[in-house]
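*Asks:* See input.pdb below, with PDB, C-alpha atoms, pLDDT in the B column.
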ATOM      1  CA  MET A 756    -183.698 -69.151-145.326  1.00 79.00           C
ATOM      2  CA  VAL A 757    -183.352 -65.749-143.644  1.00 87.00           C
ATOM      3  CA  ALA A 758    -186.210 -66.633-141.288  1.00 86.00           C
ATOM      4  CA  GLY A 759    -184.070 -69.481-139.966  1.00 86.00           C
ATOM      5  CA  PHE A 760    -181.415 -67.264-138.407  1.00 87.00           C
ATOM      6  CA  LEU A 761    -182.525 -63.630-138.371  1.00 89.00           C
ATOM      7  CA  PRO A 762    -184.851 -63.738-135.313  1.00 88.00           C
ATOM      8  CA  ARG A 763    -182.049 -65.188-133.194  1.00 88.00           C
ATOM      9  CA  ASP A 764    -179.622 -62.561-134.456  1.00 89.00           C
ATOM     10  CA  LEU A 765    -182.119 -59.783-133.808  1.00 89.00           C
ATOM     11  CA  LEU A 766    -182.320 -60.802-130.167  1.00 88.00           C
ATOM     12  CA  ALA A 767    -178.537 -60.816-129.875  1.00 88.00           C
ATOM     13  CA  PHE A 768    -178.102 -57.470-131.640  1.00 89.00           C
ATOM     14  CA  CYS A 769    -180.698 -55.784-129.432  1.00 88.00           C
ATOM     15  CA  ALA A 770    -179.018 -57.018-126.271  1.00 87.00           C
ATOM     16  CA  ASP A 771    -175.346 -56.896-127.258  1.00 86.00           C
ATOM     17  CA  TYR A 772    -175.094 -53.855-129.553  1.00 84.00           C
ATOM     18  CA  LEU A 773    -177.993 -51.665-128.547  1.00 86.00           C
ATOM     19  CA  GLY A 774    -178.449 -52.602-124.898  1.00 87.00           C
ATOM     20  CA  ARG A 775    -182.196 -52.799-125.452  1.00 85.00           C
ATOM     21  CA  ASP A 776    -184.825 -55.283-124.376  1.00 84.00           C
ATOM     22  CA  PRO A 777    -185.794 -56.958-127.685  1.00 81.00           C
ATOM     23  CA  LEU A 778    -189.325 -57.521-126.406  1.00 79.00           C
ATOM     24  CA  ARG A 779    -189.977 -53.782-125.934  1.00 84.00           C
ATOM     25  CA  PRO A 780    -190.454 -52.626-129.546  1.00 85.00           C
ATOM     26  CA  GLY A 781    -190.367 -49.058-130.757  1.00 86.00           C
ATOM     27  CA  PRO A 782    -189.671 -47.092-133.964  1.00 87.00           C
ATOM     28  CA  LEU A 783    -186.211 -46.042-132.784  1.00 87.00           C
ATOM     29  CA  LEU A 784    -185.191 -49.639-132.079  1.00 89.00           C
ATOM     30  CA  PHE A 785    -186.090 -50.805-135.578  1.00 91.00           C
ATOM     31  CA  ARG A 786    -184.598 -47.709-137.195  1.00 91.00           C
ATOM     32  CA  ARG A 787    -181.254 -48.363-135.520  1.00 91.00           C
ATOM     33  CA  LEU A 788    -181.391 -52.063-136.379  1.00 91.00           C
ATOM     34  CA  LEU A 789    -182.128 -51.462-140.049  1.00 92.00           C
ATOM     35  CA  ARG A 790    -179.872 -48.450-140.603  1.00 91.00           C
ATOM     36  CA  ASP A 791    -176.892 -49.103-138.359  1.00 90.00           C
ATOM     37  CA  VAL A 792    -176.675 -52.626-136.988  1.00 90.00           C
ATOM     38  CA  LEU A 793    -177.849 -55.127-139.604  1.00 90.00           C
ATOM     39  CA  PRO A 794    -175.972 -53.618-142.587  1.00 90.00           C
ATOM     40  CA  MET A 795    -172.659 -53.638-140.712  1.00 86.00           C
ATOM     41  CA  GLN A 796    -172.908 -56.584-138.317  1.00 87.00           C
ATOM     42  CA  LEU A 797    -175.012 -59.205-140.093  1.00 86.00           C
ATOM     43  CA  VAL A 798    -173.425 -61.616-142.576  1.00 88.00           C
ATOM     44  CA  LEU A 799    -176.104 -61.036-145.185  1.00 88.00           C
ATOM     45  CA  PRO A 800    -175.404 -60.737-148.914  1.00 92.00           C
ATOM     46  CA  ALA A 801    -177.182 -57.866-150.649  1.00 90.00           C
ATOM     47  CA  ARG A 802    -179.098 -60.356-152.820  1.00 91.00           C
ATOM     48  CA  LEU A 803    -181.084 -61.441-149.734  1.00 89.00           C
ATOM     49  CA  ALA A 804    -182.276 -57.958-148.759  1.00 88.00           C
ATOM     50  CA  GLY A 805    -185.786 -58.676-150.015  1.00 88.00           C
ATOM     51  CA  ASP A 806    -186.089 -61.661-147.663  1.00 91.00           C
ATOM     52  CA  VAL A 807    -185.517 -59.491-144.604  1.00 91.00           C
ATOM     53  CA  ALA A 808    -188.724 -57.437-144.714  1.00 91.00           C
ATOM     54  CA  PRO A 809    -191.269 -60.218-143.999  1.00 93.00           C
ATOM     55  CA  VAL A 810    -189.117 -61.585-141.172  1.00 93.00           C
ATOM     56  CA  ILE A 811    -188.637 -58.195-139.510  1.00 92.00           C
ATOM     57  CA  ARG A 812    -192.299 -57.299-139.905  1.00 93.00           C
ATOM     58  CA  ALA A 813    -193.452 -60.619-138.423  1.00 93.00           C
ATOM     59  CA  TRP A 814    -190.994 -60.219-135.551  1.00 91.00           C
ATOM     60  CA  ALA A 815    -192.168 -56.660-134.923  1.00 92.00           C
ATOM     61  CA  ALA A 816    -195.799 -57.761-134.861  1.00 93.00           C
ATOM     62  CA  TRP A 817    -194.958 -60.554-132.439  1.00 92.00           C
ATOM     63  CA  THR A 818    -193.052 -58.264-130.074  1.00 91.00           C
ATOM     64  CA  ALA A 819    -195.877 -55.713-130.251  1.00 92.00           C
ATOM     65  CA  ASP A 820    -198.279 -58.447-129.175  1.00 92.00           C
ATOM     66  CA  CYS A 821    -195.935 -59.550-126.387  1.00 89.00           C
ATOM     67  CA  ALA A 822    -195.781 -55.958-125.131  1.00 90.00           C
ATOM     68  CA  ASN A 823    -199.570 -55.599-125.344  1.00 92.00           C
ATOM     69  CA  LEU A 824    -199.289 -52.418-127.388  1.00 90.00           C
ATOM     70  CA  PRO A 825    -202.608 -50.626-127.937  1.00 93.00           C
ATOM     71  CA  LYS A 826    -203.934 -51.029-131.487  1.00 92.00           C
ATOM     72  CA  ARG A 827    -203.193 -47.408-132.373  1.00 93.00           C
ATOM     73  CA  LEU A 828    -199.543 -47.671-131.311  1.00 92.00           C
ATOM     74  CA  ARG A 829    -199.227 -51.062-132.989  1.00 92.00           C
ATOM     75  CA  ARG A 830    -200.466 -49.641-136.314  1.00 93.00           C
ATOM     76  CA  ARG A 831    -198.121 -46.670-136.012  1.00 93.00           C
ATOM     77  CA  LEU A 832    -195.155 -48.929-135.204  1.00 92.00           C
ATOM     78  CA  LEU A 833    -195.745 -51.198-138.195  1.00 94.00           C
ATOM     79  CA  SER A 834    -196.437 -48.260-140.512  1.00 94.00           C
ATOM     80  CA  GLU A 835    -193.157 -46.553-139.624  1.00 93.00           C
ATOM     81  CA  LEU A 836    -191.353 -49.886-139.868  1.00 93.00           C
ATOM     82  CA  ASP A 837    -192.670 -50.386-143.404  1.00 94.00           C
ATOM     83  CA  GLY A 838    -191.043 -47.093-144.370  1.00 93.00           C
ATOM     84  CA  GLU A 839    -187.694 -48.222-142.990  1.00 93.00           C
ATOM     85  CA  LEU A 840    -188.018 -51.600-144.714  1.00 93.00           C
ATOM     86  CA  ARG A 841    -188.574 -49.956-148.094  1.00 93.00           C
ATOM     87  CA  GLU A 842    -185.213 -48.226-147.724  1.00 93.00           C
ATOM     88  CA  PHE A 843    -183.360 -51.257-146.370  1.00 92.00           C
ATOM     89  CA  PRO A 844    -182.321 -52.836-149.719  1.00 92.00           C
ATOM     90  CA  ALA A 845    -180.530 -49.624-150.688  1.00 92.00           C
ATOM     91  CA  VAL A 846    -178.894 -49.379-147.272  1.00 92.00           C
ATOM     92  CA  LEU A 847    -177.704 -52.996-147.462  1.00 91.00           C
ATOM     93  CA  ALA A 848    -176.491 -52.573-151.041  1.00 91.00           C
ATOM     94  CA  ALA A 849    -174.350 -49.612-149.973  1.00 91.00           C
ATOM     95  CA  ALA A 850    -172.986 -51.541-146.985  1.00 89.00           C
ATOM     96  CA  SER A 851    -172.150 -54.506-149.231  1.00 90.00           C
ATOM     97  CA  GLN A 852    -169.441 -52.393-150.857  1.00 88.00           C
ATOM     98  CA  LYS A 853    -167.592 -51.924-147.568  1.00 87.00           C
ATOM     99  CA  PRO A 854    -164.287 -53.838-147.712  1.00 86.00           C
ATOM    100  CA  HIS A 855    -165.066 -56.286-144.892  1.00 86.00           C
ATOM    101  CA  ASN A 856    -168.493 -57.069-146.370  1.00 89.00           C
ATOM    102  CA  ARG A 857    -167.066 -58.060-149.742  1.00 92.00           C
ATOM    103  CA  TYR A 858    -165.822 -61.354-148.312  1.00 94.00           C
ATOM    104  CA  PHE A 859    -169.258 -62.988-148.103  1.00 93.00           C
ATOM    105  CA  GLN A 860    -171.344 -61.501-150.925  1.00 93.00           C
ATOM    106  CA  ASP A 861    -170.997 -64.574-153.165  1.00 94.00           C
ATOM    107  CA  LEU A 862    -171.243 -67.276-150.497  1.00 94.00           C
ATOM    108  CA  PRO A 863    -174.150 -69.648-151.248  1.00 93.00           C
ATOM    109  CA  ASP A 864    -177.308 -69.620-149.150  1.00 91.00           C
ATOM    110  CA  ASP A 865    -176.575 -72.963-147.489  1.00 91.00           C
ATOM    111  CA  VAL A 866    -173.268 -71.562-146.193  1.00 93.00           C
ATOM    112  CA  ILE A 867    -174.704 -68.194-145.103  1.00 91.00           C
ATOM    113  CA  SER A 868    -177.412 -69.950-143.087  1.00 88.00           C
ATOM    114  CA  ASP A 869    -175.004 -72.346-141.331  1.00 90.00           C
ATOM    115  CA  ASP A 870    -173.013 -70.578-138.593  1.00 88.00           C
ATOM    116  CA  THR A 871    -170.163 -73.091-138.560  1.00 92.00           C
ATOM    117  CA  ARG A 872    -169.691 -73.254-142.319  1.00 93.00           C
ATOM    118  CA  CYS A 873    -170.043 -69.489-142.662  1.00 93.00           C
ATOM    119  CA  LEU A 874    -167.389 -68.849-140.025  1.00 93.00           C
ATOM    120  CA  GLN A 875    -165.025 -71.322-141.681  1.00 95.00           C
ATOM    121  CA  ALA A 876    -165.587 -69.707-145.073  1.00 96.00           C
ATOM    122  CA  LEU A 877    -164.765 -66.277-143.694  1.00 95.00           C
ATOM    123  CA  GLN A 878    -161.716 -67.603-141.848  1.00 96.00           C
ATOM    124  CA  ARG A 879    -160.270 -69.211-144.975  1.00 96.00           C
ATOM    125  CA  ARG A 880    -160.928 -66.088-147.028  1.00 97.00           C
ATOM    126  CA  HIS A 881    -159.267 -63.903-144.419  1.00 96.00           C
ATOM    127  CA  LEU A 882    -156.251 -66.208-144.623  1.00 96.00           C
ATOM    128  CA  ALA A 883    -156.301 -65.966-148.413  1.00 96.00           C
ATOM    129  CA  VAL A 884    -156.586 -62.175-148.410  1.00 95.00           C
ATOM    130  CA  PRO A 885    -156.299 -60.296-145.111  1.00 94.00           C
ATOM    131  CA  LEU A 886    -158.683 -57.494-144.291  1.00 90.00           C
ATOM    132  CA  TYR A 887    -157.564 -54.133-145.638  1.00 82.00           C
ATOM    133  CA  HIS A 888    -155.923 -52.970-142.386  1.00 83.00           C
ATOM    134  CA  ASP A 889    -153.626 -56.030-142.358  1.00 84.00           C
ATOM    135  CA  ARG A 890    -152.498 -55.841-145.968  1.00 84.00           C
ATOM    136  CA  ALA A 891    -149.408 -54.463-147.633  1.00 79.00           C
ATOM    137  CA  LYS A 892    -149.280 -50.708-148.007  1.00 82.00           C
ATOM    138  CA  GLY A 893    -151.181 -49.391-150.996  1.00 81.00           C
ATOM    139  CA  THR A 894    -153.704 -52.232-151.212  1.00 81.00           C
ATOM    140  CA  GLY A 895    -156.420 -50.882-148.925  1.00 76.00           C
ATOM    141  CA  THR A 896    -158.722 -49.845-151.760  1.00 83.00           C
ATOM    142  CA  LEU A 897    -158.410 -53.106-153.705  1.00 90.00           C
ATOM    143  CA  ASP A 898    -161.441 -55.402-153.687  1.00 92.00           C
ATOM    144  CA  ALA A 899    -160.678 -58.879-152.362  1.00 93.00           C
ATOM    145  CA  ALA A 900    -163.812 -60.231-154.057  1.00 94.00           C
ATOM    146  CA  GLU A 901    -162.337 -59.527-157.508  1.00 94.00           C
ATOM    147  CA  ARG A 902    -159.806 -62.121-158.634  1.00 95.00           C
ATOM    148  CA  SER A 903    -157.591 -59.658-160.479  1.00 95.00           C
ATOM    149  CA  GLU A 904    -157.430 -57.416-157.420  1.00 95.00           C
ATOM    150  CA  ARG A 905    -156.747 -60.376-155.124  1.00 94.00           C
ATOM    151  CA  ALA A 906    -153.786 -61.111-157.369  1.00 96.00           C
ATOM    152  CA  LYS A 907    -152.481 -57.541-156.937  1.00 95.00           C
ATOM    153  CA  ILE A 908    -152.864 -57.761-153.150  1.00 94.00           C
ATOM    154  CA  THR A 909    -151.017 -61.082-153.108  1.00 95.00           C
ATOM    155  CA  GLU A 910    -148.282 -59.848-155.427  1.00 95.00           C
ATOM    156  CA  LEU A 911    -147.522 -56.818-153.248  1.00 93.00           C
ATOM    157  CA  TRP A 912    -147.486 -58.995-150.135  1.00 94.00           C
ATOM    158  CA  LEU A 913    -145.041 -61.418-151.766  1.00 95.00           C
ATOM    159  CA  ALA A 914    -142.829 -58.592-152.994  1.00 94.00           C
ATOM    160  CA  GLY A 915    -142.776 -57.127-149.504  1.00 92.00           C
ATOM    161  CA  ARG A 916    -141.616 -60.465-148.119  1.00 94.00           C
ATOM    162  CA  GLY A 917    -138.884 -60.754-150.733  1.00 95.00           C
ATOM    163  CA  ILE A 918    -140.314 -63.911-152.311  1.00 95.00           C
ATOM    164  CA  PRO A 919    -138.533 -64.457-155.673  1.00 95.00           C
ATOM    165  CA  PRO A 920    -140.784 -63.880-158.717  1.00 95.00           C
ATOM    166  CA  ASP A 921    -140.327 -67.453-159.955  1.00 93.00           C
ATOM    167  CA  GLU A 922    -141.778 -68.807-156.689  1.00 94.00           C
ATOM    168  CA  ARG A 923    -144.862 -66.597-156.548  1.00 96.00           C
ATOM    169  CA  ALA A 924    -147.179 -68.585-158.835  1.00 96.00           C
ATOM    170  CA  SER A 925    -147.577 -71.274-156.167  1.00 96.00           C
ATOM    171  CA  TYR A 926    -148.632 -68.685-153.608  1.00 96.00           C
ATOM    172  CA  HIS A 927    -151.180 -67.211-156.002  1.00 97.00           C
ATOM    173  CA  ALA A 928    -152.589 -70.701-156.588  1.00 96.00           C
ATOM    174  CA  VAL A 929    -152.942 -71.403-152.860  1.00 97.00           C
ATOM    175  CA  VAL A 930    -154.590 -68.025-152.259  1.00 97.00           C
ATOM    176  CA  GLU A 931    -157.212 -68.885-154.878  1.00 97.00           C
ATOM    177  CA  GLU A 932    -157.750 -72.356-153.406  1.00 97.00           C
ATOM    178  CA  LEU A 933    -158.392 -70.836-149.995  1.00 97.00           C
ATOM    179  CA  TRP A 934    -160.721 -68.202-151.412  1.00 97.00           C
ATOM    180  CA  VAL A 935    -162.927 -70.683-153.271  1.00 96.00           C
ATOM    181  CA  GLY A 936    -162.560 -73.468-150.675  1.00 95.00           C
ATOM    182  CA  GLU A 937    -161.375 -76.085-153.140  1.00 95.00           C
ATOM    183  CA  PRO A 938    -159.836 -78.529-152.590  1.00 95.00           C
ATOM    184  CA  PRO A 939    -161.280 -78.791-149.063  1.00 94.00           C
ATOM    185  CA  GLN A 940    -158.082 -80.392-147.753  1.00 95.00           C
ATOM    186  CA  VAL A 941    -156.253 -77.091-148.207  1.00 96.00           C
ATOM    187  CA  THR A 942    -158.840 -75.254-146.134  1.00 95.00           C
ATOM    188  CA  GLU A 943    -158.795 -77.939-143.436  1.00 96.00           C
ATOM    189  CA  GLN A 944    -155.012 -77.797-143.182  1.00 96.00           C
ATOM    190  CA  ALA A 945    -154.960 -73.999-143.115  1.00 96.00           C
ATOM    191  CA  LEU A 946    -157.645 -73.686-140.431  1.00 96.00           C
ATOM    192  CA  SER A 947    -155.963 -76.356-138.333  1.00 96.00           C
ATOM    193  CA  MET A 948    -152.681 -74.431-138.408  1.00 97.00           C
ATOM    194  CA  ALA A 949    -154.508 -71.196-137.620  1.00 96.00           C
ATOM    195  CA  ALA A 950    -156.121 -72.879-134.607  1.00 95.00           C
ATOM    196  CA  ASP A 951    -152.614 -73.854-133.474  1.00 96.00           C
ATOM    197  CA  GLY A 952    -151.622 -70.199-133.507  1.00 96.00           C
ATOM    198  CA  LEU A 953    -149.481 -70.063-136.654  1.00 96.00           C
ATOM    199  CA  SER A 954    -149.236 -66.748-138.476  1.00 95.00           C
ATOM    200  CA  ARG A 955    -150.679 -66.280-141.941  1.00 95.00           C
ATOM    201  CA  ASP A 956    -147.188 -66.134-143.446  1.00 95.00           C
ATOM    202  CA  ALA A 957    -146.244 -69.420-141.787  1.00 96.00           C
ATOM    203  CA  ILE A 958    -149.496 -71.064-142.857  1.00 96.00           C
ATOM    204  CA  LEU A 959    -149.124 -70.135-146.511  1.00 97.00           C
ATOM    205  CA  ASP A 960    -145.439 -71.110-146.512  1.00 96.00           C
ATOM    206  CA  LYS A 961    -146.395 -74.535-145.167  1.00 96.00           C
ATOM    207  CA  LEU A 962    -149.188 -74.928-147.718  1.00 95.00           C
ATOM    208  CA  ILE A 963    -146.715 -74.112-150.480  1.00 93.00           C
ATOM    209  CA  GLN A 964    -144.303 -76.744-149.206  1.00 90.00           C
ATOM    210  CA  ASP A 965    -147.067 -79.363-149.236  1.00 82.00           C
ATOM    211  CA  HIS A 966    -148.642 -78.182-152.490  1.00 73.00           C
TER     212      HIS A 966
END
Show how you would write the structure in this file as structure tokens.
*Replies:*
Amino acid sequence: MVAGFLPRDLLAFCADYLGRDPLRPGPLLFRRLLRDVLPMQLVLPARLAGDVAPVIRAWAAWTADCANLPKRLRRRLLSELDGELREFPAVLAAASQKPHNRYFQDLPDDVISDDTRCLQALQRRHLAVPLYHDRAKGTGTLDAAERSERAKITELWLAGRGIPPDERASYHAVVEELWVGEPPQVTEQALSMAADGLSRDAILDKLIQDH
């Protein structure tokens, strides 16, 4: 599954983030990709870390061939890359605990590998629970991927808006529906309103009215 999208993303990351020609391989390029770029920029759950190594190694070998690297330099490149790849699962596992990476850790493989569905899943989850810098004060350390902590984030947001306690259960229910993506009609309605430029508050208020 990773082989279906990672080579394309590697090309984009080399050009867009590193300003490097992806067909001119070198140890520094792969070190920066594996330590800095992929863990923070790639939508890749930690459970898939083991699938990255064969793809990266095959891509490195291909680019080495394209660049006509001498055999000695090719062996050195792949040897150093193997060292970086052995450390990559730990690097990705650490990055998976970053707040913005918690939003996709449990998404299924068929969603992760589909750009459109993955983007929609992240959009609906960001509507359900905003990223930490857009939340109510005091919620920045709470983990959106944990249901009990999502509830705390939502409760503080509702309290800050002055929503009466007896009306909050409906908001909690809609937040959970957006997070899990069921029923799909709720997600479709929410994303449609977001595309029309409505704020998150307005979107959730409207979903509550129609709930």
*Asks:* I need the output of the PyMOL selection byres ((chain A and resi 894) around 12) for this file as a list in words; which residues are they?
*Replies:*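 Applied to this file, the PyMOL selection byres ((chain A and resi 894) around 12) selects Pro854, Val884, Pro885, Leu886, Tyr887, His888, Asp889, Arg890, Ala891, Lys892, Gly893, Gly895, Thr896, Leu897, Asp898, Ala899, Glu904, Arg905, Ala906, Lys907, Ile908, Thr909, Glu910, Leu911 and Trp912 of chain A.
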*Asks:* Would you pick out the contacts of stretch 866-877 of chain A at 7 Å or less, using all atoms listed in the file, so that residues sharing its chain but fewer than 6 positions from it are not included, and give the list as a PyMOL selection string?
*Replies:* chain A and resi 756+760+858
*Asks:* Quick one: distance from atom CA of A:Ala816 to atom CA of A:Val792 in Å, one decimal?
*Replies:* 19.9 Å
*Asks:* Applying 7 Å and all atoms listed in the file, which residues near stretch 944-946 of chain A remain after dropping the ones on its own chain fewer than 4 positions away? List them as a tab-separated table (two decimals) with C-alpha atoms, in the frame of the given file.
*Replies:*
chain	number	residue	atom	x	y	z
A	879	ARG	CA	-160.27	-69.21	-144.98
A	940	GLN	CA	-158.08	-80.39	-147.75
A	950	ALA	CA	-156.12	-72.88	-134.61
A	958	ILE	CA	-149.50	-71.06	-142.86
*Asks:* Set the distance at 7 Å and use all atoms listed in the file: which residues neighbour stretch 772-781 of chain A once local chain neighbours fewer than 4 positions away are removed? I'd like the list as a PDB file with C-alpha atoms, in the coordinates of the input.
*Replies:*
ATOM      1  CA  LEU A 766    -182.320 -60.802-130.167  1.00 88.00           C
ATOM      2  CA  PHE A 768    -178.102 -57.470-131.640  1.00 89.00           C
ATOM      3  CA  PHE A 785    -186.090 -50.805-135.578  1.00 91.00           C
ATOM      4  CA  ALA A 815    -192.168 -56.660-134.923  1.00 92.00           C
ATOM      5  CA  THR A 818    -193.052 -58.264-130.074  1.00 91.00           C
ATOM      6  CA  ALA A 819    -195.877 -55.713-130.251  1.00 92.00           C
ATOM      7  CA  CYS A 821    -195.935 -59.550-126.387  1.00 89.00           C
ATOM      8  CA  ALA A 822    -195.781 -55.958-125.131  1.00 90.00           C
ATOM      9  CA  LEU A 832    -195.155 -48.929-135.204  1.00 92.00           C
TER      10      LEU A 832
END
